[in-house]
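Participant: Below is the file final-v6.txt, with compact mmCIF, C-alpha atoms.
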# COMPACT_ATOMS: atom_id res chain seq x y z
CA MET C 1 27.59 13.48 15.88
CA GLY C 2 30.22 11.62 13.85
CA TRP C 3 28.11 8.45 13.66
CA PHE C 4 25.07 10.49 12.64
CA LYS C 5 26.98 12.13 9.78
CA GLU C 6 28.45 8.79 8.72
CA LEU C 7 25.00 7.20 8.80
CA PHE C 8 23.09 9.86 6.85
CA PHE C 9 25.68 12.07 5.10
CA PRO C 10 28.75 9.92 4.37
CA ALA C 11 31.63 11.79 2.73
CA GLN C 12 32.72 8.84 0.59
CA ALA C 13 30.79 7.22 -2.24
CA PRO C 14 29.53 3.75 -1.23
CA THR C 15 31.64 0.72 -2.12
CA GLU C 16 30.08 -2.33 -3.83
CA ALA C 17 30.24 -4.21 -0.49
CA GLN C 18 28.33 -1.39 1.23
CA LEU C 19 25.74 -1.32 -1.54
CA GLN C 20 25.33 -5.09 -1.25
CA SER C 21 24.89 -4.77 2.52
CA GLY C 22 22.37 -1.96 1.91
CA ARG C 23 20.39 -4.22 -0.43
CA ARG C 24 20.20 -6.91 2.26
CA CYS C 25 19.03 -4.36 4.85
CA LEU C 26 16.48 -3.05 2.36
CA ILE C 27 15.10 -6.54 1.75
CA THR C 28 14.72 -7.14 5.52
CA GLU C 29 13.27 -3.67 6.03
CA GLY C 30 10.76 -4.34 3.25
CA ALA C 31 9.55 -7.44 5.09
CA VAL C 32 9.08 -5.55 8.38
CA ALA C 33 7.36 -2.70 6.55
CA ALA C 34 4.99 -5.17 4.86
CA VAL C 35 3.87 -6.54 8.24
CA ILE C 36 3.27 -3.02 9.58
CA TYR C 37 1.27 -2.14 6.47
CA SER C 38 -0.82 -5.32 6.79
CA ILE C 39 -1.59 -4.54 10.42
CA GLY C 40 -2.60 -0.98 9.56
CA THR C 41 -4.86 -1.88 6.65
CA GLY C 42 -7.15 -4.66 5.42
CA ASN C 43 -9.03 -6.95 7.78
CA PHE C 44 -7.17 -5.76 10.91
CA LEU C 45 -8.18 -2.15 10.27
CA ALA C 46 -11.78 -3.06 9.34
CA GLY C 47 -12.07 -5.25 12.47
CA TYR C 48 -10.56 -2.57 14.70
CA LEU C 49 -12.89 0.14 13.38
CA SER C 50 -15.87 -2.23 13.73
CA CYS C 51 -14.86 -2.71 17.38
CA LEU C 52 -14.98 1.06 17.75
CA GLY C 53 -18.58 0.94 16.45
CA ALA C 54 -17.85 2.39 13.00
CA SER C 55 -20.37 2.14 10.14
CA ILE C 56 -19.46 0.44 6.83
CA SER C 57 -19.10 3.78 5.05
CA PHE C 58 -16.81 5.08 7.86
CA CYS C 59 -14.65 1.94 7.48
CA ALA C 60 -14.48 2.58 3.72
CA LEU C 61 -13.70 6.26 4.34
CA VAL C 62 -10.72 5.37 6.56
CA ALA C 63 -9.64 2.63 4.14
CA MET C 64 -9.35 5.20 1.36
CA ILE C 65 -7.00 7.48 3.39
CA PRO C 66 -3.89 5.60 2.16
CA GLN C 67 -4.98 6.49 -1.39
CA LEU C 68 -5.61 10.07 -0.32
CA GLY C 69 -2.12 10.21 1.18
CA CYS C 70 -0.69 9.24 -2.18
CA VAL C 71 -1.95 12.57 -3.52
CA LEU C 72 0.92 14.16 -1.58
CA GLN C 73 3.26 12.45 -3.97
CA PHE C 74 2.72 15.57 -6.06
CA LEU C 75 4.77 17.48 -3.47
CA SER C 76 7.38 14.81 -2.99
CA PRO C 77 9.54 15.74 -6.00
CA PHE C 78 9.97 19.29 -4.66
CA VAL C 79 11.62 17.80 -1.57
CA PHE C 80 13.56 14.90 -3.01
CA GLU C 81 14.64 16.28 -6.40
CA ARG C 82 16.47 19.09 -4.60
CA ILE C 83 18.71 17.07 -2.31
CA HIS C 84 21.76 14.94 -2.95
CA HIS C 85 21.58 12.85 0.26
CA ARG C 86 17.90 11.92 0.67
CA LYS C 87 18.16 9.26 3.34
CA LEU C 88 17.53 11.43 6.43
CA ALA C 89 14.35 12.97 4.98
CA ILE C 90 13.15 9.52 3.92
CA TRP C 91 13.98 8.04 7.33
CA ILE C 92 12.12 10.75 9.30
CA MET C 93 8.97 10.41 7.20
CA CYS C 94 9.05 6.61 7.41
CA VAL C 95 9.31 6.80 11.22
CA ILE C 96 6.29 9.16 11.38
CA TYR C 97 4.32 6.91 9.03
CA ARG C 98 4.96 3.58 10.75
CA LEU C 99 5.02 4.69 14.37
CA SER C 100 1.71 6.58 13.97
CA LEU C 101 0.19 3.42 12.52
CA GLY C 102 1.17 1.48 15.65
CA VAL C 103 -0.15 4.22 17.93
CA VAL C 104 -3.52 4.16 16.08
CA LEU C 105 -4.23 0.75 17.63
CA LEU C 106 -3.39 1.99 21.12
CA VAL C 107 -5.88 4.89 21.06
CA PRO C 108 -8.47 3.17 23.34
CA LEU C 109 -5.85 3.23 26.12
CA VAL C 110 -6.05 7.02 26.37
CA VAL C 111 -9.42 7.83 24.74
CA PRO C 112 -12.08 5.59 26.32
CA GLU C 113 -15.14 7.02 24.55
CA ALA C 114 -15.75 5.25 21.18
CA ARG C 115 -16.91 8.35 19.27
CA HIS C 116 -13.84 10.36 20.30
CA ALA C 117 -11.56 7.37 19.76
CA ARG C 118 -12.78 7.09 16.16
CA LEU C 119 -11.95 10.76 15.55
CA VAL C 120 -8.45 10.41 17.04
CA VAL C 121 -7.89 7.27 14.93
CA LEU C 122 -8.98 9.21 11.83
CA VAL C 123 -6.52 12.05 12.59
CA LEU C 124 -3.56 9.75 13.42
CA TYR C 125 -4.27 7.53 10.43
CA THR C 126 -4.35 10.60 8.17
CA ILE C 127 -1.01 11.87 9.55
CA SER C 128 0.48 8.41 9.08
CA PHE C 129 -0.56 7.91 5.46
CA PHE C 130 0.06 11.53 4.44
CA SER C 131 3.64 10.98 5.58
CA ALA C 132 3.67 7.69 3.67
CA GLY C 133 2.42 9.43 0.55
CA LEU C 134 5.10 12.09 0.82
CA VAL C 135 7.95 9.63 1.29
CA THR C 136 6.96 6.88 -1.17
CA PRO C 137 8.52 8.27 -4.41
CA GLY C 138 11.74 9.08 -2.56
CA LEU C 139 11.89 5.63 -0.98
CA GLN C 140 11.11 3.96 -4.31
CA HIS C 141 13.80 6.01 -6.01
CA MET C 142 16.32 5.14 -3.28
CA THR C 143 15.41 1.43 -3.66
CA LEU C 144 15.68 1.59 -7.44
CA GLY C 145 19.03 3.36 -7.06
CA LEU C 146 20.33 0.41 -5.03
CA ALA C 147 18.91 -2.30 -7.32
CA PRO C 148 21.67 -3.87 -9.43
CA ASP C 149 21.61 -2.92 -13.12
CA GLY C 150 20.59 -5.73 -15.46
CA SER C 151 18.87 -7.82 -12.83
CA ARG C 152 16.36 -5.42 -11.34
CA GLY C 153 13.55 -7.90 -11.96
CA GLN C 154 15.28 -10.58 -9.90
CA PHE C 155 16.20 -8.15 -7.09
CA PHE C 156 12.61 -6.97 -6.74
CA ALA C 157 11.32 -10.53 -7.00
CA ARG C 158 13.64 -11.60 -4.12
CA LYS C 159 12.59 -8.57 -2.07
CA ASP C 160 8.92 -9.36 -2.70
CA ILE C 161 9.31 -13.05 -1.85
CA VAL C 162 11.01 -12.35 1.51
CA ALA C 163 8.36 -9.74 2.36
CA ALA C 164 5.53 -12.12 1.43
CA CYS C 165 6.97 -14.97 3.57
CA VAL C 166 7.48 -12.85 6.68
CA ASN C 167 4.23 -10.95 6.18
CA SER C 168 2.06 -14.05 5.77
CA ALA C 169 3.56 -15.83 8.79
CA ALA C 170 3.22 -12.73 10.98
CA THR C 171 -0.33 -11.87 9.91
CA LEU C 172 -1.44 -15.51 10.33
CA LEU C 173 -0.13 -15.51 13.91
CA LEU C 174 -1.67 -12.12 14.65
CA GLY C 175 -5.01 -13.12 13.05
CA ARG C 176 -5.18 -16.30 15.15
CA GLN C 177 -4.38 -14.49 18.37
CA LEU C 178 -6.97 -11.81 17.50
CA ASP C 179 -9.67 -14.45 16.98
CA TYR C 180 -8.57 -16.06 20.26
CA PHE C 181 -9.06 -12.77 22.13
CA THR C 182 -12.33 -12.13 20.24
CA ASP C 183 -13.70 -15.56 21.22
CA ALA C 184 -12.70 -14.84 24.83
CA GLY C 185 -14.67 -11.55 24.65
CA LYS C 186 -11.51 -9.43 24.87
CA THR C 187 -11.34 -7.99 21.36
CA TYR C 188 -9.84 -4.68 22.51
CA THR C 189 -7.03 -6.52 24.33
CA GLY C 190 -6.29 -8.35 21.07
CA PHE C 191 -5.97 -5.09 19.18
CA LEU C 192 -3.80 -3.58 21.94
CA VAL C 193 -1.39 -6.53 21.66
CA ILE C 194 -1.27 -6.01 17.88
CA GLY C 195 -0.67 -2.28 18.46
CA GLY C 196 2.28 -3.09 20.74
CA VAL C 197 3.73 -5.46 18.12
CA CYS C 198 3.27 -2.79 15.45
CA CYS C 199 5.16 -0.17 17.52
CA ALA C 200 8.03 -2.63 18.13
CA LEU C 201 8.19 -3.39 14.40
CA ALA C 202 8.21 0.35 13.62
CA VAL C 203 11.33 0.78 15.80
CA THR C 204 12.99 -2.23 14.10
CA ASP C 205 12.13 -0.78 10.70
CA ALA C 206 13.68 2.57 11.66
CA ILE C 207 16.94 0.85 12.69
CA LEU C 208 17.11 -1.20 9.47
CA LEU C 209 16.38 1.79 7.26
CA ALA C 210 19.09 3.80 9.03
CA LEU C 211 21.59 1.02 8.24
CA VAL C 212 20.87 1.10 4.49
CA ARG C 213 23.77 2.78 2.71
CA GLU C 214 22.25 5.20 0.25
CA ASN C 215 23.56 5.41 -3.30
CA PRO C 216 23.42 9.23 -3.61
CA VAL C 217 21.82 10.52 -6.79
CA LYS C 218 24.27 12.06 -9.21
CA PHE C 219 21.75 14.50 -10.59
CA VAL C 220 20.17 17.13 -8.36
CA SER C 221 17.54 19.31 -10.00
CA ARG C 222 15.78 22.50 -9.06
CA MET C 223 12.16 21.63 -9.79
CA ARG C 224 9.59 24.29 -10.52
CA PRO C 225 5.83 23.87 -9.96
CA ALA C 226 5.35 23.89 -13.74
CA ASP C 227 7.51 20.75 -13.91
CA ILE C 228 4.58 18.79 -12.50
CA LEU C 229 3.09 18.99 -15.98
CA ARG C 230 6.20 17.48 -17.61
CA PRO C 231 4.86 13.89 -17.48
CA VAL C 232 1.57 15.12 -18.97
CA ARG C 233 3.39 16.83 -21.85
CA ASP C 234 5.76 13.92 -22.49
CA PRO C 235 4.31 11.99 -25.46
CA VAL C 236 6.17 8.78 -24.51
CA PHE C 237 5.07 8.85 -20.89
CA ARG C 238 1.50 10.17 -21.36
CA PRO C 239 -0.17 6.82 -22.25
CA LEU C 240 1.26 5.28 -19.08
CA LEU C 241 -0.01 8.22 -17.05
CA LEU C 242 -3.47 7.99 -18.61
CA TYR C 243 -3.62 4.24 -18.03
CA SER C 244 -2.68 4.69 -14.34
CA VAL C 245 -5.21 7.50 -13.79
CA VAL C 246 -8.17 5.74 -15.42
CA GLY C 247 -7.15 2.50 -13.68
CA GLY C 248 -7.20 4.36 -10.33
CA LEU C 249 -10.61 5.79 -11.17
CA ALA C 250 -12.03 2.30 -11.74
CA SER C 251 -10.39 0.52 -8.81
CA GLY C 252 -11.15 3.30 -6.31
CA MET C 253 -14.86 2.58 -6.61
CA ALA C 254 -14.63 -0.80 -4.83
CA THR C 255 -11.19 -1.20 -3.24
CA PRO C 256 -11.97 0.54 0.10
CA PHE C 257 -14.93 -1.81 0.61
CA LEU C 258 -13.09 -5.11 0.15
CA SER C 259 -11.97 -5.78 3.74
CA VAL C 260 -15.14 -4.56 5.39
CA TYR C 261 -17.12 -6.65 2.85
CA GLN C 262 -15.16 -9.78 3.78
CA LEU C 263 -15.58 -9.22 7.51
CA ARG C 264 -19.08 -7.82 7.85
CA VAL C 265 -21.03 -9.09 4.83
CA LEU C 266 -19.33 -12.42 4.07
CA ASP C 267 -18.72 -12.98 7.82
CA LEU C 268 -15.20 -14.32 7.37
CA SER C 269 -13.00 -14.62 10.46
CA HIS C 270 -9.54 -13.04 10.80
CA THR C 271 -8.05 -16.55 10.93
CA PHE C 272 -9.70 -17.51 7.64
CA ILE C 273 -8.66 -14.27 5.92
CA THR C 274 -5.05 -14.51 7.14
CA SER C 275 -4.92 -18.27 6.32
CA VAL C 276 -5.97 -17.51 2.76
CA GLY C 277 -3.36 -14.77 3.02
CA VAL C 278 -0.68 -17.45 3.53
CA VAL C 279 -1.81 -19.31 0.39
CA SER C 280 -1.94 -15.93 -1.36
CA ALA C 281 1.61 -15.21 -0.21
CA VAL C 282 2.83 -18.49 -1.74
CA ALA C 283 0.98 -17.59 -4.94
CA GLY C 284 2.44 -14.08 -4.68
CA MET C 285 5.98 -15.46 -4.34
CA ALA C 286 5.51 -17.76 -7.31
CA GLY C 287 3.91 -14.84 -9.14
CA SER C 288 6.79 -12.46 -8.35
CA TRP C 289 9.32 -15.04 -9.56
CA PHE C 290 7.28 -15.72 -12.71
CA TRP C 291 6.51 -12.08 -13.52
CA GLY C 292 10.13 -11.03 -12.80
CA ARG C 293 11.40 -13.62 -15.31
CA CYS C 294 8.60 -12.72 -17.72
CA ALA C 295 9.56 -9.03 -17.51
CA ASP C 296 13.26 -9.76 -18.04
CA ALA C 297 12.32 -11.79 -21.14
CA ALA C 298 9.30 -9.98 -22.61
CA GLY C 299 9.24 -6.49 -21.09
CA TRP C 300 7.21 -4.74 -18.41
CA ARG C 301 4.31 -3.81 -20.72
CA ARG C 302 3.24 -7.41 -21.25
CA VAL C 303 3.39 -8.04 -17.48
CA ILE C 304 1.17 -5.03 -16.83
CA ARG C 305 -1.44 -6.18 -19.34
CA LEU C 306 -1.56 -9.80 -18.19
CA THR C 307 -1.65 -9.04 -14.45
CA ALA C 308 -4.33 -6.37 -14.99
CA ALA C 309 -6.55 -8.78 -16.93
CA ILE C 310 -6.32 -11.43 -14.18
CA SER C 311 -6.79 -8.95 -11.31
CA LEU C 312 -9.81 -7.33 -12.96
CA SER C 313 -11.41 -10.75 -13.46
CA CYS C 314 -11.00 -11.27 -9.71
CA THR C 315 -12.60 -7.88 -8.99
CA LEU C 316 -15.58 -8.90 -11.10
CA GLY C 317 -15.64 -12.23 -9.25
CA TRP C 318 -16.26 -10.49 -5.90
CA ALA C 319 -19.53 -9.13 -7.34
CA PHE C 320 -20.93 -12.67 -7.62
CA ILE C 321 -19.90 -14.06 -4.21
CA ARG C 322 -22.73 -14.37 -1.70
CA PRO C 323 -22.75 -14.54 2.14
CA GLY C 324 -22.68 -18.15 3.34
CA TRP C 325 -20.32 -19.33 0.60
CA GLY C 326 -17.37 -18.98 2.97
CA PRO C 327 -16.21 -22.19 4.72
CA SER C 328 -16.19 -20.78 8.25
CA PRO C 329 -19.53 -20.59 10.07
CA PRO C 330 -20.37 -17.07 11.19
CA ARG C 331 -19.34 -16.54 14.79
CA CYS C 332 -21.13 -13.26 15.18
CA SER C 333 -23.40 -11.18 13.03
CA TRP C 334 -21.90 -7.95 11.65
CA TRP C 335 -24.88 -7.23 9.40
CA PRO C 336 -26.61 -5.00 10.31
CA PRO C 337 -23.69 -3.21 12.00
CA PRO C 338 -23.44 -3.67 15.79
CA PRO C 339 -24.80 -0.83 17.94
CA VAL C 340 -22.24 1.80 18.78
CA PRO C 341 -21.02 1.41 22.37
CA ALA C 342 -21.08 4.63 24.38
CA ALA C 343 -17.73 3.78 25.93
CA LEU C 344 -15.14 1.15 25.20
CA PRO C 345 -14.80 -1.66 27.72
CA SER C 346 -11.62 -1.81 29.76
CA PRO C 347 -8.77 -3.13 27.61
CA ALA C 348 -7.75 -5.51 30.37
CA MET E 1 -7.65 -13.36 -3.13
CA VAL E 2 -5.04 -15.92 -4.19
CA ALA E 3 -5.15 -15.01 -7.89
CA THR E 4 -5.06 -11.29 -7.10
CA ALA E 5 -2.05 -11.83 -4.83
CA ALA E 6 -0.28 -13.80 -7.55
CA CYS E 7 -0.58 -10.78 -9.82
CA SER E 8 -0.28 -7.80 -7.47
CA GLY E 9 3.47 -8.02 -6.87
CA GLY E 10 4.23 -8.39 -10.55
CA ALA E 11 1.80 -5.60 -11.44
CA SER E 12 3.29 -3.05 -9.05
CA ILE E 13 6.90 -3.92 -9.90
CA ALA E 14 6.07 -3.77 -13.61
CA SER E 15 4.28 -0.45 -13.27
CA MET E 16 7.08 1.13 -11.24
CA ASN E 17 9.80 -0.16 -13.55
CA LEU E 18 7.97 0.92 -16.69
CA GLN E 19 7.59 4.41 -15.18
CA PHE E 20 11.29 4.35 -14.24
CA ALA E 21 12.33 3.23 -17.72
CA SER E 22 10.01 5.65 -19.56
CA SER E 23 11.01 8.79 -17.63
CA PRO E 24 14.09 10.97 -18.25
CA GLU E 25 17.11 10.75 -15.92
CA SER E 26 16.56 14.32 -14.65
CA GLY E 27 13.03 13.83 -13.35
CA LYS E 28 12.40 10.24 -12.36
CA THR E 29 11.08 11.10 -8.89
CA ALA E 30 8.79 13.73 -10.41
CA TYR E 31 7.43 11.37 -13.05
CA ILE E 32 6.87 8.50 -10.59
CA GLY E 33 5.41 10.84 -7.97
CA VAL E 34 3.10 12.69 -10.35
CA THR E 35 1.80 9.44 -11.85
CA SER E 36 1.10 7.94 -8.45
CA ALA E 37 -0.47 11.16 -7.18
CA MET E 38 -2.76 11.58 -10.18
CA ALA E 39 -3.83 7.92 -9.98
CA SER E 40 -4.52 8.43 -6.28
CA ILE E 41 -6.59 11.56 -6.88
CA ALA E 42 -8.65 9.57 -9.39
CA ALA E 43 -8.99 6.64 -6.96
CA CYS E 44 -9.97 8.95 -4.08
CA THR E 45 -12.54 10.74 -6.21
CA SER E 46 -14.22 7.51 -7.22
CA ALA E 47 -13.85 6.12 -3.67
CA ALA E 48 -15.65 9.23 -2.37
CA VAL E 49 -18.39 8.59 -4.93
CA GLY E 50 -18.51 4.94 -3.86
CA THR E 51 -18.68 5.86 -0.16
CA ALA E 52 -21.53 8.29 -0.86
CA LEU E 53 -23.31 5.81 -3.13
CA GLN E 54 -23.09 2.75 -0.88
CA PRO E 55 -25.60 3.86 1.82
CA LEU E 56 -28.10 4.75 -0.95
CA LEU E 57 -27.58 1.38 -2.66
CA GLN E 58 -27.88 -0.33 0.73
CA ASN E 59 -31.40 1.07 1.09
CA LEU E 60 -32.29 -0.47 -2.28
CA LEU E 61 -30.25 -3.68 -2.34
CA GLY E 62 -29.21 -4.37 1.28
CA ALA E 63 -26.03 -6.47 1.41
CA GLY E 64 -25.99 -6.44 -2.40
CA SER E 65 -24.86 -2.82 -2.42
CA ILE E 66 -21.13 -3.56 -2.34
CA PRO E 67 -21.18 -6.22 -5.14
CA VAL E 68 -22.63 -3.55 -7.45
CA LEU E 69 -19.55 -1.41 -6.74
CA PHE E 70 -17.26 -4.37 -7.53
CA LEU E 71 -19.11 -4.85 -10.82
CA LEU E 72 -18.65 -1.17 -11.77
CA ALA E 73 -14.95 -1.29 -10.81
CA GLY E 74 -14.29 -4.46 -12.83
CA LEU E 75 -16.07 -3.26 -15.96
CA GLY E 76 -14.36 0.15 -15.78
CA GLY E 77 -10.96 -1.52 -15.36
CA PHE E 78 -11.48 -3.75 -18.41
CA ALA E 79 -12.55 -0.75 -20.49
CA ASN E 80 -9.32 1.02 -19.44
CA LEU E 81 -7.21 -2.04 -20.25
CA THR E 82 -8.79 -2.35 -23.67
CA ILE E 83 -8.51 1.32 -24.62
CA ASN E 84 -5.41 2.65 -22.81
CA GLY E 85 -3.54 -0.61 -22.10
CA ARG E 86 -2.81 -1.04 -25.81
CA LYS E 87 -0.92 2.28 -26.00
CA LEU E 88 1.57 1.66 -23.17
CA PRO E 89 5.27 2.21 -24.02
CA ASP E 90 7.43 -0.90 -24.21
CA SER E 91 10.59 -1.43 -22.19
CA ARG E 92 12.88 -4.27 -21.14
CA SER E 93 14.15 -4.60 -17.54
Before we go any further, please render this structure as structure tokens.

Facilitator:
Amino acid sequence: MGWFKELFFPAQAPTEAQLQSGRRCLITEGAVAAVIYSIGTGNFLAGYLSCLGASISFCALVAMIPQLGCVLQFLSPFVFERIHHRKLAIWIMCVIYRLSLGVVLLVPLVVPEARHARLVVLVLYTISFFSAGLVTPGLQHMTLGLAPDGSRGQFFARKDIVAACVNSAATLLLGRQLDYFTDAGKTYTGFLVIGGVCCALAVTDAILLALVRENPVKFVSRMRPADILRPVRDPVFRPLLLYSVVGGLASGMATPFLSVYQLRVLDLSHTFITSVGVVSAVAGMAGSWFWGRCADAAGWRRVIRLTAAISLSCTLGWAFIRPGWGPSPPRCSWWPPPPVPAALPSPA
Amino acid sequence: MVATAACSGGASIASMNLQFASSPESGKTAYIGVTSAMASIAACTSAAVGTALQPLLQNLLGAGSIPVLFLLAGLGGFANLTINGRKLPDSRS
């Protein structure tokens, strides 16, 4: 038990060398976590659900569960604001979140009937992202606690760049192999391989997160339910809260439909989507570097305004794109949705 | 997709850091958590409306049902940026 206590409840405050090592682990862990998240959302999720015979609105319903899970962030402070060493609680919830996501893709192995498989996927996916919602503020706070003072922008930019590189390479490979299996008529096998990869990554992520040396919070509070209203009452913080809430209200209308729209209406292949994802990752890296510097020089508010204006223009742009504009010829018709199979074919 | 990706990292880091900088030392997790949760409740509510609306729009517009939702989301976002984006607190990293 000595190693367990040393890993999660060390008696000594961390040294600068340990904090530096923790930052490196956190950067690597962030990259692995990004790949797991990509597998569990976006075009992979929409394609997997389509293979299970799901309708467009069911795909959108499942795609909004990650947002629903974030609602649990209301409860998160009651857990994390009460404890000095938060790493074990964070670690357990991260394991539940990421391992469940991997298992979601393996459901056809044990539940052969498509209708039942969709229900099991819905339940597992909900457990996964509810756990994610609960842990996110704690994990963010732990990350922010490790970020070096005075150069937070650069630390987060580096973390983002590494995650984008690893994530784009991994999703490109996985997208290509999924299209390969799809073309060979073995779509379910493709998703099972991805599920196996996801589970292996979840174990790697758990090891990396365990190795991060937490910088324990100096202040431990005893939160009361009424404290939830503190950000609402805070006149400095309230505009930021209002902006986030109304922004969520607007984006929620279309966001869950984006991946299923790309796959089933625009008829884009996984390879095309993940290839654009690589270009996007390069743009994302350049963007993170640029916005990090911009924030260090001009403040976070300006970054929020500029990035929101560009992103919203892109959202509007999707409204004017028509099927057939994509460069890849449609390999199969997803519109109208394919008939629901009574039972899934053998994964072999 | 490329332009959105170029902005998304910066947007989320900026949002998180502005929340971190604008909240008191004693309740940072609460402030960040409550903001994210309230934004998520709003997003889920409108996503539920969108999910309910899409099959109805599909009967009227076919494959054009989803672009209408993108249009609504974009216009709503710009209205929010114009009205609430101007009042955000300022903070250096």

Participant: With a cut-off of 9 Å, could you pull out the residues of region 6-121 of chain C touching region 154-178 of chain C and give me the nearest pair of atoms for each, distance in Å to one decimal, using all atoms listed in the file, ordered by chain and ascending number, as a Markdown table?

Facilitator:
| residue | atom | partner | partner_atom | distance |
| --- | --- | --- | --- | --- |
| C:Arg23 | CA | C:Phe155 | CA | 8.8 |
| C:Arg24 | CA | C:Lys159 | CA | 8.9 |
| C:Leu26 | CA | C:Lys159 | CA | 8.1 |
| C:Ile27 | CA | C:Lys159 | CA | 5.0 |
| C:Thr28 | CA | C:Val162 | CA | 7.5 |
| C:Glu29 | CA | C:Ala163 | CA | 8.6 |
| C:Gly30 | CA | C:Ala163 | CA | 6.0 |
| C:Ala31 | CA | C:Ala163 | CA | 3.8 |
| C:Val32 | CA | C:Ala163 | CA | 7.4 |
| C:Ala33 | CA | C:Ala163 | CA | 8.3 |
| C:Ala34 | CA | C:Asn167 | CA | 6.0 |
| C:Val35 | CA | C:Asn167 | CA | 4.9 |
| C:Ile36 | CA | C:Asn167 | CA | 8.7 |
| C:Ser38 | CA | C:Thr171 | CA | 7.3 |
| C:Ile39 | CA | C:Thr171 | CA | 7.5 |
| C:Phe44 | CA | C:Gly175 | CA | 8.0 |

Participant: Within 8 Å of (-0.4, -9.7, -9.5) (file coordinates; all atoms listed in the file), which protein or nucleic acid residues are there? I'd like them as a PDB file with C-alpha atoms, in the coordinates of the input.

Facilitator:
ATOM      1  CA  GLY C 284       2.440 -14.080  -4.680  1.00  0.00           C
ATOM      2  CA  GLY C 287       3.910 -14.840  -9.140  1.00  0.00           C
ATOM      3  CA  SER C 288       6.790 -12.460  -8.350  1.00  0.00           C
ATOM      4  CA  THR C 307      -1.650  -9.040 -14.450  1.00  0.00           C
ATOM      5  CA  ALA C 308      -4.330  -6.370 -14.990  1.00  0.00           C
ATOM      6  CA  ILE C 310      -6.320 -11.430 -14.180  1.00  0.00           C
ATOM      7  CA  SER C 311      -6.790  -8.950 -11.310  1.00  0.00           C
TER       8      SER C 311
ATOM      9  CA  ALA E   3      -5.150 -15.010  -7.890  1.00  0.00           C
ATOM     10  CA  THR E   4      -5.060 -11.290  -7.100  1.00  0.00           C
ATOM     11  CA  ALA E   5      -2.050 -11.830  -4.830  1.00  0.00           C
ATOM     12  CA  ALA E   6      -0.280 -13.800  -7.550  1.00  0.00           C
ATOM     13  CA  CYS E   7      -0.580 -10.780  -9.820  1.00  0.00           C
ATOM     14  CA  SER E   8      -0.280  -7.800  -7.470  1.00  0.00           C
ATOM     15  CA  GLY E   9       3.470  -8.020  -6.870  1.00  0.00           C
ATOM     16  CA  GLY E  10       4.230  -8.390 -10.550  1.00  0.00           C
ATOM     17  CA  ALA E  11       1.800  -5.600 -11.440  1.00  0.00           C
ATOM     18  CA  SER E  12       3.290  -3.050  -9.050  1.00  0.00           C
TER      19      SER E  12
END

Participant: What are the residues of chain C lining chain E at 6 Å or less? Count only C-alpha atoms, and put the answer as a PyMOL selection string.

Facilitator: chain C and resi 57+67-68+70-71+73-74+77+137+231+239-241+243-245+247-254+280+283-284+287-288+291+296+299-301+304+307+311-312+315-316+319

Participant: Dump C-alpha atoms for the selected residues as an mmCIF file, in the coordinates of the input?

Facilitator:
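Final output, part33.cif:
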data_model
loop_
_atom_site.group_PDB
_atom_site.id
_atom_site.type_symbol
_atom_site.label_atom_id
_atom_site.label_comp_id
_atom_site.auth_asym_id
_atom_site.auth_seq_id
_atom_site.Cartn_x
_atom_site.Cartn_y
_atom_site.Cartn_z
ATOM 1 C CA SER C 57 -19.100 3.780 5.050
ATOM 2 C CA GLN C 67 -4.980 6.490 -1.390
ATOM 3 C CA LEU C 68 -5.610 10.070 -0.320
ATOM 4 C CA CYS C 70 -0.690 9.240 -2.180
ATOM 5 C CA VAL C 71 -1.950 12.570 -3.520
ATOM 6 C CA GLN C 73 3.260 12.450 -3.970
ATOM 7 C CA PHE C 74 2.720 15.570 -6.060
ATOM 8 C CA PRO C 77 9.540 15.740 -6.000
ATOM 9 C CA PRO C 137 8.520 8.270 -4.410
ATOM 10 C CA PRO C 231 4.860 13.890 -17.480
ATOM 11 C CA PRO C 239 -0.170 6.820 -22.250
ATOM 12 C CA LEU C 240 1.260 5.280 -19.080
ATOM 13 C CA LEU C 241 -0.010 8.220 -17.050
ATOM 14 C CA TYR C 243 -3.620 4.240 -18.030
ATOM 15 C CA SER C 244 -2.680 4.690 -14.340
ATOM 16 C CA VAL C 245 -5.210 7.500 -13.790
ATOM 17 C CA GLY C 247 -7.150 2.500 -13.680
ATOM 18 C CA GLY C 248 -7.200 4.360 -10.330
ATOM 19 C CA LEU C 249 -10.610 5.790 -11.170
ATOM 20 C CA ALA C 250 -12.030 2.300 -11.740
ATOM 21 C CA SER C 251 -10.390 0.520 -8.810
ATOM 22 C CA GLY C 252 -11.150 3.300 -6.310
ATOM 23 C CA MET C 253 -14.860 2.580 -6.610
ATOM 24 C CA ALA C 254 -14.630 -0.800 -4.830
ATOM 25 C CA SER C 280 -1.940 -15.930 -1.360
ATOM 26 C CA ALA C 283 0.980 -17.590 -4.940
ATOM 27 C CA GLY C 284 2.440 -14.080 -4.680
ATOM 28 C CA GLY C 287 3.910 -14.840 -9.140
ATOM 29 C CA SER C 288 6.790 -12.460 -8.350
ATOM 30 C CA TRP C 291 6.510 -12.080 -13.520
ATOM 31 C CA ASP C 296 13.260 -9.760 -18.040
ATOM 32 C CA GLY C 299 9.240 -6.490 -21.090
ATOM 33 C CA TRP C 300 7.210 -4.740 -18.410
ATOM 34 C CA ARG C 301 4.310 -3.810 -20.720
ATOM 35 C CA ILE C 304 1.170 -5.030 -16.830
ATOM 36 C CA THR C 307 -1.650 -9.040 -14.450
ATOM 37 C CA SER C 311 -6.790 -8.950 -11.310
ATOM 38 C CA LEU C 312 -9.810 -7.330 -12.960
ATOM 39 C CA THR C 315 -12.600 -7.880 -8.990
ATOM 40 C CA LEU C 316 -15.580 -8.900 -11.100
ATOM 41 C CA ALA C 319 -19.530 -9.130 -7.340
#
